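S.K.: Input protein.txt, format and content: compact mmCIF, C-alpha atoms.
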# COMPACT_ATOMS: atom_id res chain seq x y z
CA MET A 1 0.00 0.00 0.00
CA SER A 2 1.17 3.48 -0.77
CA ALA A 3 1.86 6.07 1.93
CA LYS A 4 -1.24 7.61 3.50
CA ALA A 5 -3.43 5.08 1.64
CA VAL A 6 -5.40 4.17 4.87
CA GLY A 7 -7.61 6.94 6.13
CA SER A 8 -10.28 7.14 8.85
CA GLU A 9 -12.90 5.88 6.44
CA GLN A 10 -10.85 2.77 5.71
CA LEU A 11 -10.60 1.90 9.46
CA ALA A 12 -13.31 -0.16 11.00
CA ASP A 13 -14.67 0.73 14.46
CA CYS A 14 -12.26 -0.25 17.27
CA ALA A 15 -9.74 -1.34 14.68
CA VAL A 16 -6.90 0.78 16.21
CA THR A 17 -5.64 -0.65 19.49
CA SER A 18 -2.77 0.39 21.76
CA ARG A 19 -0.35 -1.81 19.85
CA HIS A 20 -1.02 0.13 16.67
CA LEU A 21 -0.08 3.47 18.39
CA ALA A 22 3.49 4.63 18.22
CA LEU A 23 5.19 6.01 21.37
CA LYS A 24 4.16 9.56 22.19
CA SER A 25 1.76 9.61 19.26
CA VAL A 26 -1.30 10.58 21.38
CA PHE A 27 -1.57 14.31 22.14
CA SER A 28 -4.12 16.37 24.14
CA GLU A 29 -6.18 17.04 21.05
CA HIS A 30 -6.55 13.27 20.53
CA ILE A 31 -8.07 12.82 24.00
CA ALA A 32 -11.79 13.50 24.35
CA GLU A 33 -13.18 15.57 27.24
CA GLU A 34 -13.61 13.64 30.53
CA ALA A 35 -11.89 10.69 28.87
CA ILE A 36 -9.18 10.38 31.56
CA GLY A 37 -10.43 8.98 34.86
CA THR A 38 -8.76 7.68 38.01
CA VAL A 39 -7.81 4.39 36.37
CA GLN A 40 -5.98 6.21 33.56
CA LEU A 41 -3.79 8.19 36.06
CA GLN A 42 -0.67 6.64 37.45
CA ASP A 43 0.11 6.99 41.15
CA GLN A 44 1.56 10.43 41.92
CA ALA A 45 0.93 11.46 38.29
CA VAL A 46 -0.98 14.65 39.31
CA THR A 47 1.47 17.33 40.49
CA GLY A 48 0.84 20.88 41.69
CA ILE A 49 1.18 22.41 38.25
CA LYS A 50 -1.55 20.07 36.94
CA LEU A 51 -4.07 21.51 39.46
CA ALA A 52 -6.15 24.53 38.44
CA TRP A 53 -6.55 27.45 40.89
CA GLY A 54 -9.21 26.61 43.46
CA ALA A 55 -9.45 23.03 42.24
CA VAL A 56 -8.45 21.52 45.62
CA GLU A 57 -11.27 21.79 48.15
CA ALA A 58 -11.75 20.44 51.70
CA VAL A 59 -13.24 17.20 50.37
CA HIS A 60 -10.00 16.49 48.47
CA LEU A 61 -7.81 16.79 51.63
CA SER A 62 -7.39 13.79 53.85
CA THR A 63 -7.31 14.14 57.65
CA GLY A 64 -3.96 15.49 58.87
CA SER A 65 -2.66 16.12 55.35
CA VAL A 66 -2.16 19.89 55.85
CA GLY A 67 0.82 20.63 58.13
CA SER A 68 2.84 23.75 58.90
CA GLU A 69 4.94 23.27 55.73
CA GLN A 70 1.77 23.32 53.62
CA LEU A 71 0.70 26.69 55.05
CA ALA A 72 2.06 29.91 53.60
CA GLU A 73 3.09 32.76 55.87
CA ASP A 74 0.14 34.76 57.19
CA ALA A 75 -2.20 32.21 55.57
CA VAL A 76 -4.08 31.40 58.82
CA ALA A 77 -6.47 34.22 59.79
CA SER A 78 -8.78 34.49 62.81
CA CYS A 79 -11.65 33.10 60.75
CA HIS A 80 -9.72 29.84 60.28
CA ILE A 81 -9.23 29.28 64.05
CA GLU A 82 -11.87 27.37 65.94
CA ALA A 83 -13.18 28.92 69.18
CA GLY A 84 -11.12 27.70 72.14
CA ALA A 85 -8.53 26.06 69.87
CA ILE A 86 -5.63 28.24 71.09
CA ILE A 87 -4.30 27.18 74.51
CA GLY A 88 -1.24 28.14 76.55
CA LYS A 89 1.28 26.09 74.56
CA HIS A 90 0.35 27.96 71.36
CA ILE A 91 1.18 31.39 72.85
CA ALA A 92 4.79 32.57 72.68
CA ASP A 93 6.43 34.17 75.72
CA ASP A 94 5.86 37.93 76.11
CA SER A 95 3.38 37.90 73.23
CA ILE A 96 0.34 39.14 75.24
CA GLY A 97 0.45 42.88 75.86
CA THR A 98 -1.98 45.37 77.35
CA ALA A 99 -3.92 45.67 74.08
CA LYS A 100 -4.66 41.92 74.11
CA LEU A 101 -6.24 41.99 77.60
CA ASP A 102 -9.95 42.61 77.97
CA HIS A 103 -11.19 44.98 80.68
CA GLN A 104 -11.32 43.35 84.15
CA SER A 105 -9.87 40.11 82.71
CA VAL A 106 -6.98 39.98 85.23
CA THR A 107 -8.32 38.56 88.51
CA THR A 108 -6.64 37.84 91.85
CA ASP A 109 -5.83 34.26 90.80
CA LYS A 110 -3.82 35.52 87.81
CA LEU A 111 -1.47 37.65 89.97
CA ALA A 112 1.77 36.09 91.17
CA PRO A 113 2.82 36.66 94.81
CA SER A 114 4.41 40.12 95.28
CA ALA A 115 3.58 41.00 91.65
CA VAL A 116 1.80 44.24 92.57
CA GLY A 117 4.18 46.89 93.90
CA SER A 118 3.80 50.58 94.66
CA GLU A 119 4.64 51.52 91.05
CA GLN A 120 1.65 49.48 89.79
CA LEU A 121 -0.84 51.31 92.04
CA ALA A 122 -2.45 54.55 90.92
CA ASN A 123 -2.74 57.42 93.39
CA GLY A 124 -5.73 56.86 95.67
CA ALA A 125 -6.36 53.36 94.28
CA VAL A 126 -6.11 51.60 97.66
CA THR A 127 -9.16 52.21 99.84
CA SER A 128 -10.21 50.75 103.17
CA GLN A 129 -11.98 47.80 101.52
CA HIS A 130 -8.69 46.66 99.96
CA ILE A 131 -6.83 46.50 103.28
CA ALA A 132 -7.00 43.23 105.20
CA VAL A 133 -7.72 43.24 108.92
CA GLY A 134 -4.47 43.68 110.85
CA ALA A 135 -2.45 44.48 107.69
CA VAL A 136 -1.42 47.94 108.89
CA GLY A 137 1.26 47.79 111.60
CA SER A 138 3.61 50.32 113.10
CA GLU A 139 6.11 49.87 110.25
CA GLN A 140 3.42 50.87 107.69
CA LEU A 141 2.71 54.17 109.46
CA GLY A 142 4.74 57.29 108.69
CA ASN A 143 5.96 59.71 111.34
CA ASP A 144 3.31 62.03 112.79
CA MET A 145 0.53 60.25 110.86
CA ILE A 146 -1.65 59.46 113.90
CA ASP A 147 -3.53 62.39 115.42
CA GLY A 148 -6.33 62.70 117.96
CA LEU A 149 -9.05 61.79 115.42
CA HIS A 150 -7.55 58.30 114.95
CA ILE A 151 -7.40 57.43 118.66
CA LYS A 152 -10.46 55.82 120.21
CA GLN A 153 -11.73 57.31 123.45
CA GLU A 154 -10.28 55.76 126.63
CA SER A 155 -7.86 53.62 124.59
CA ILE A 156 -4.62 55.13 126.00
CA SER A 157 -3.47 53.38 129.16
CA GLY A 158 -0.58 54.07 131.49
CA TYR A 159 1.85 51.74 129.71
CA HIS A 160 1.46 53.79 126.49
CA LEU A 161 3.06 56.83 128.17
CA LEU A 162 6.81 57.42 128.21
CA PRO A 163 8.33 58.26 131.61
CA GLY A 164 8.37 62.04 132.09
CA SER A 165 6.04 62.68 129.14
CA ILE A 166 3.26 64.26 131.27
CA THR A 167 3.98 67.86 132.29
CA SER A 168 1.86 70.53 133.95
CA ILE A 169 0.37 71.63 130.61
CA HIS A 170 -1.34 68.23 130.34
CA LEU A 171 -2.95 68.49 133.79
CA GLU A 172 -6.19 70.22 134.70
CA THR A 173 -5.68 73.77 135.89
CA GLY A 174 -4.90 73.80 139.62
CA LEU A 175 -4.77 69.98 139.86
CA VAL A 176 -1.19 69.86 141.19
CA GLU A 177 -1.92 72.54 143.78
CA LYS A 178 -5.02 70.66 144.91
CA LEU A 179 -3.11 67.38 145.28
CA LEU A 180 -0.22 68.89 147.23
CA LEU A 181 -2.38 71.04 149.48
CA ALA A 182 -4.76 68.12 150.07
CA ALA A 183 -1.83 65.93 151.05
CA ALA A 184 -0.61 68.57 153.55
CA SER A 185 -4.00 69.30 155.07
CA LYS A 186 -5.33 65.72 155.09
CA PHE A 187 -3.40 64.80 158.20
CA GLN A 188 -3.82 67.98 160.23
CA VAL A 189 -5.10 67.20 163.71
CA ALA A 190 -7.82 69.48 165.04
CA GLY A 191 -7.60 70.76 168.65
CA VAL A 192 -3.77 70.86 169.16
CA GLN A 193 -1.97 73.86 170.66
CA SER A 194 -0.55 76.76 168.70
CA SER A 195 2.90 75.19 168.41
CA THR A 196 1.38 72.38 166.36
CA VAL A 197 -0.57 74.85 164.26
CA THR A 198 2.62 76.79 163.63
CA ARG A 199 4.39 73.65 162.39
CA THR A 200 1.39 72.89 160.14
CA GLU A 201 1.59 76.37 158.69
CA GLU A 202 5.29 75.82 158.05
CA GLY A 203 4.46 72.57 156.24
CA ALA A 204 1.84 74.41 154.17
CA ALA A 205 4.49 77.03 153.31
CA GLU A 206 6.83 74.27 152.15
CA THR A 207 4.00 72.78 150.12
CA SER A 208 3.36 76.18 148.58
CA GLU A 209 7.05 76.39 147.65
CA ALA A 210 6.75 72.97 145.98
CA VAL A 211 3.71 74.19 144.04
CA ASP A 212 5.64 77.28 142.91
CA GLU A 213 8.51 75.07 141.75
CA VAL A 214 6.12 72.92 139.72
CA ALA A 215 4.60 76.03 138.19
CA GLU A 216 8.06 77.29 137.17
CA THR A 217 9.46 74.04 135.73
CA GLY A 218 6.15 72.73 134.34
CA VAL A 219 7.11 69.15 135.31
CA ILE A 220 6.34 66.94 138.29
CA SER A 221 7.02 63.24 138.50
CA PHE A 222 4.98 60.69 140.39
CA ASP A 223 8.01 60.09 142.64
CA GLU A 224 8.16 63.79 143.57
CA LEU A 225 4.43 63.91 144.22
CA ASP A 226 4.63 60.75 146.33
CA THR A 227 7.56 62.26 148.28
CA CYS A 228 5.54 65.41 149.07
CA ILE A 229 2.61 63.33 150.27
CA THR A 230 4.85 61.04 152.33
CA GLU A 231 6.57 64.00 154.01
CA ALA A 232 3.19 65.57 154.80
CA GLU A 233 1.99 62.28 156.31
CA ALA A 234 5.16 61.87 158.39
CA GLU A 235 4.93 65.43 159.72
CA ALA A 236 1.26 65.04 160.57
CA GLU A 237 1.89 61.74 162.38
CA ALA A 238 4.81 63.26 164.33
CA GLU A 239 2.65 66.16 165.44
CA ALA A 240 -0.20 63.85 166.36
CA ALA A 241 2.18 61.76 168.50
CA LEU A 242 3.02 64.79 170.68
CA THR A 243 1.17 64.86 173.97
CA VAL A 244 0.18 68.19 175.43
CA MET A 245 -1.11 69.16 178.79
CA ALA A 246 -4.63 70.49 178.66
CA GLU A 247 -7.72 71.02 180.72
CA PRO A 248 -10.46 68.42 180.51
CA LEU A 249 -12.39 68.74 177.26
CA ASP A 250 -15.74 70.37 177.23
CA ASP A 251 -18.52 67.79 177.23
CA SER A 252 -20.26 69.70 174.42
CA ILE A 253 -17.45 68.76 172.00
CA ASP A 254 -17.83 65.46 170.20
CA GLN A 255 -14.42 63.93 170.74
CA THR A 256 -14.83 61.57 167.78
CA THR A 257 -15.18 64.50 165.39
CA VAL A 258 -11.72 65.88 166.14
CA GLY A 259 -9.98 62.51 165.78
CA ILE A 260 -8.49 62.31 169.33
CA THR A 261 -8.77 59.97 172.30
CA VAL A 262 -8.78 61.03 175.96
CA VAL A 263 -6.26 58.93 177.89
CA SER A 264 -6.66 60.79 181.18
CA ASP A 265 -7.72 64.16 182.51
CA LYS A 266 -4.46 65.74 181.34
CA ILE A 267 -3.27 63.64 178.34
CA ILE A 268 -4.50 63.79 174.70
CA GLU A 269 -3.12 61.65 171.82
CA SER A 270 -4.25 61.11 168.23
CA THR A 271 -5.74 57.90 166.91
CA LYS A 272 -3.53 56.44 164.20
CA ALA A 273 -5.34 55.20 161.08
CA ALA A 274 -4.90 51.58 159.97
CA ALA A 275 -2.32 50.97 157.24
CA PRO A 276 -3.66 49.97 153.80
CA THR A 277 -3.52 46.32 152.73
CA GLN A 278 -1.86 45.28 149.48
CA GLN A 279 -2.98 42.22 147.56
CA PHE A 280 -1.66 40.94 144.23
CA GLY A 281 -1.83 37.95 141.95
CA LEU A 282 -1.64 36.37 138.49
CA CYS A 283 -4.37 34.84 136.35
CA SER A 284 -4.41 33.45 132.81
CA PHE A 285 -6.67 34.41 129.92
CA LEU A 286 -7.48 33.03 126.46
CA MET A 287 -8.87 35.14 123.61
CA ARG A 288 -9.91 33.35 120.42
CA VAL A 289 -9.27 34.82 116.96
CA GLU A 290 -12.85 36.04 116.50
CA GLU A 291 -13.05 37.66 119.96
CA GLU A 292 -12.21 41.31 120.61
CA THR A 293 -12.58 41.19 124.42
CA VAL A 294 -12.70 38.64 127.23
CA ASN A 295 -13.67 39.10 130.90
CA ILE A 296 -11.93 37.50 133.85
CA GLN A 297 -12.73 37.67 137.57
CA VAL A 298 -10.16 38.39 140.27
CA GLN A 299 -10.96 37.11 143.77
CA PHE A 300 -9.29 38.79 146.76
CA ASP A 301 -7.96 36.75 149.66
CA GLU A 302 -9.12 39.43 152.12
CA PRO A 303 -12.15 41.63 151.30
CA PHE A 304 -11.72 45.40 151.34
CA THR A 305 -13.92 47.56 153.51
CA ASP A 306 -15.35 49.36 150.46
CA GLU A 307 -14.88 49.72 146.74
CA GLN A 308 -12.56 52.73 147.03
CA TYR A 309 -9.41 50.65 146.65
CA ALA A 310 -6.77 51.05 143.92
CA LEU A 311 -6.44 48.31 141.30
CA VAL A 312 -3.68 48.15 138.69
CA VAL A 313 -3.87 45.64 135.79
CA THR A 314 -1.46 44.73 133.00
CA THR A 315 -0.88 41.76 130.66
CA ASP A 316 2.20 40.06 129.22
CA GLN A 317 0.88 40.41 125.65
CA THR A 318 1.83 43.61 123.79
CA ASN A 319 -1.31 43.53 121.62
CA SER A 320 -3.76 43.61 124.55
CA TYR A 321 -4.50 45.67 127.64
CA GLY A 322 -6.70 45.41 130.72
CA VAL A 323 -9.69 47.55 131.73
CA ILE A 324 -11.44 47.50 135.12
CA GLN A 325 -15.07 46.68 134.42
CA GLN A 326 -16.46 46.27 137.95
CA LYS A 327 -15.29 46.53 141.54
CA LYS A 328 -16.63 44.67 144.55
CA CYS A 329 -15.28 44.45 148.06
CA ASP A 330 -14.21 40.82 147.61
CA SER A 331 -13.56 40.69 143.85
CA ALA A 332 -13.21 42.62 140.60
CA ILE A 333 -14.00 41.97 136.93
CA ILE A 334 -11.25 42.81 134.46
CA GLN A 335 -11.82 43.04 130.71
CA ILE A 336 -8.91 42.16 128.41
CA VAL A 337 -9.13 44.15 125.15
CA ARG A 338 -7.36 43.27 121.89
CA SER A 339 -5.51 46.42 120.79
CA ARG A 340 -4.67 45.22 117.25
CA TYR A 341 -5.27 42.19 115.05
CA SER A 342 -3.47 39.04 116.10
CA PRO A 343 -4.05 35.29 116.16
CA GLN A 344 -5.40 33.54 119.24
CA LEU A 345 -4.11 35.27 122.38
CA GLU A 346 -3.08 33.37 125.47
CA GLY A 347 -1.36 35.21 128.30
CA ILE A 348 -1.11 36.18 131.95
CA VAL A 349 -2.76 39.10 133.77
CA ASN A 350 -0.74 40.76 136.55
CA TRP A 351 -2.80 42.72 139.10
CA ILE A 352 -2.15 44.68 142.30
CA ALA A 353 -4.89 45.98 144.62
CA MET A 354 -4.36 48.30 147.60
CA GLY A 355 -6.91 49.60 150.05
CA ARG A 356 -8.24 49.32 153.59
CA THR A 357 -9.51 46.05 154.96
CA SER A 358 -11.58 45.37 158.02
Turn this file's structure into structure tokens for me.

M.R.:
Amino acid sequence: MSAKAVGSEQLADCAVTSRHLALKSVFSEHIAEEAIGTVQLQDQAVTGIKLAWGAVEAVHLSTGSVGSEQLAEDAVASCHIEAGAIIGKHIADDSIGTAKLDHQSVTTDKLAPSAVGSEQLANGAVTSQHIAVGAVGSEQLGNDMIDGLHIKQESISGYHLLPGSITSIHLETGLVEKLLLAAASKFQVAGVQSSTVTRTEEGAAETSEAVDEVAETGVISFDELDTCITEAEAEAEAEAALTVMAEPLDDSIDQTTVGITVVSDKIIESTKAAAPTQQFGLCSFLMRVEEETVNIQVQFDEPFTDEQYALVVTTDQTNSYGVIQQKKCDSAIIQIVRSRYSPQLEGIVNWIAMGRTS
């Protein structure tokens, strides 16, 4: 047969098989549309350049087939991230700034211990509701920060005062003069002769000199005041011990009102008052955390004649003090007050009572 003698009309249907085709003789124009299916494609025959733009959809991707190397830079936007998918391990260190935090999103649990310092607090940001009970101690207070408005009434006791801190300007007007003159005149004996009266006037003059000295210096200590009173007592007792010759007393005079006793027709001597009795003791107390005060009862070994006895109370705990709640002849009730916040208090009360007993 001559060249090109067999044309399409000479070929019967299905007459051309794969063995009749020369290598690389089939081109794209020879292939009909949708003629190539899965069975015609060899494994790994479809490469990236064979894929049209947008041809690969979610249904074409197998589970786990897209990794970090398949993602281009900045390819993942917020719309691609599932809610709650980002956890702590996905967040780089120092990547969350102020702009990333929502308002009121930082709670107490998120703050590390000692994370909030003075530089993090705005002026006036700390109010009373932010301060824990007992958090403010002496080291948190600046000098001269406590004035009279901060001190509760009747909260200052004797142990709060420094020795020598009370001067005449702190005392009621005329109080020192009243105390000294009362001490000098308390023990004057009525009905003695003029020599005794003269000595009493001399003692009053000395007392007046002491008052003048206090007025000039502005200071008097309890030791000095006690010395003045003791000297006045000693002088009065010495004068009362003197016996004088006298006529029999007039029956119209009540001898008990002048404080003397008739020994005979010619002898008069003063009646010496009984010395005061001192009693003292220790007792324990327990104050739970939720308690602010606790009462304890002190029982005296020997009852006093009345309730006009002196009672001094102190504790061995620096954050508590004692207050006298009630006095009786045979006992007293003492209230222990917590002066500042502290855990459970357990301590000892020291007390001293002095007065006249029967």

S.K.: Tell me, as a ChimeraX atom specification, which residues lie within 6 Å of Asn350 in chain A, counting all atoms listed in the file; anything in the same chain fewer than 4 positions away does not count.

M.R.: /A:282,313-315

S.K.: Show which residues sit within 8 Å of Thr357 in chain A, as an NGL selection string. Count all atoms listed in the file, and ignore same-chain residues fewer than 3 positions away.

M.R.: :A and (276-277 or 302-305)

S.K.: What is the CA of Gln153 in chain A-CA of Ser331 in chain A distance in Å, reported with one decimal?

M.R.: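 Answer for the CA of Gln153 in chain A to CA of Ser331 in chain A separation: 26.4 Å.
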
S.K.: Near Glu291 in chain A, counting all atoms listed in the file, which residues have an atom at most 12 Å away, once you skip same-chain residues fewer than 3 positions from it, shown as a ChimeraX atom specification?

M.R.: /A:286-288,294-295,320,336-345

S.K.: Take CA of Val323 in chain A and CA of Ala182 in chain A and report the distance between them in Å, one decimal.

M.R.: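 CA of Val323 in chain A sits 28.0 Å away from CA of Ala182 in chain A.
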
S.K.: In Å, with one decimal, what is the gap from CA of Val349 in chain A to CA of Gly164 in chain A?

M.R.: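 About the pair CA of Val349 in chain A and CA of Gly164 in chain A: they are 25.6 Å apart.
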
S.K.: Would you kindly return, as a VMD selection string, each protein, DNA or RNA residue with an atom no farther than 10 Å from any atom of Lys327 in chain A, considering all atoms listed in the file and excluding same-chain residues fewer than 3 positions away?

M.R.: chain A and resid 298 306 to 311 324 330 to 334

S.K.: Could you give me the axis-aligned bounding box of range 146-152 of chain A, with 3 Å of padding per side, as centre plus edge lengths in Å to one decimal, as JSON?

M.R.:
{"center_x": -6.1, "center_y": 59.3, "center_z": 117.1, "size_x": 14.8, "size_y": 12.9, "size_z": 12.3}
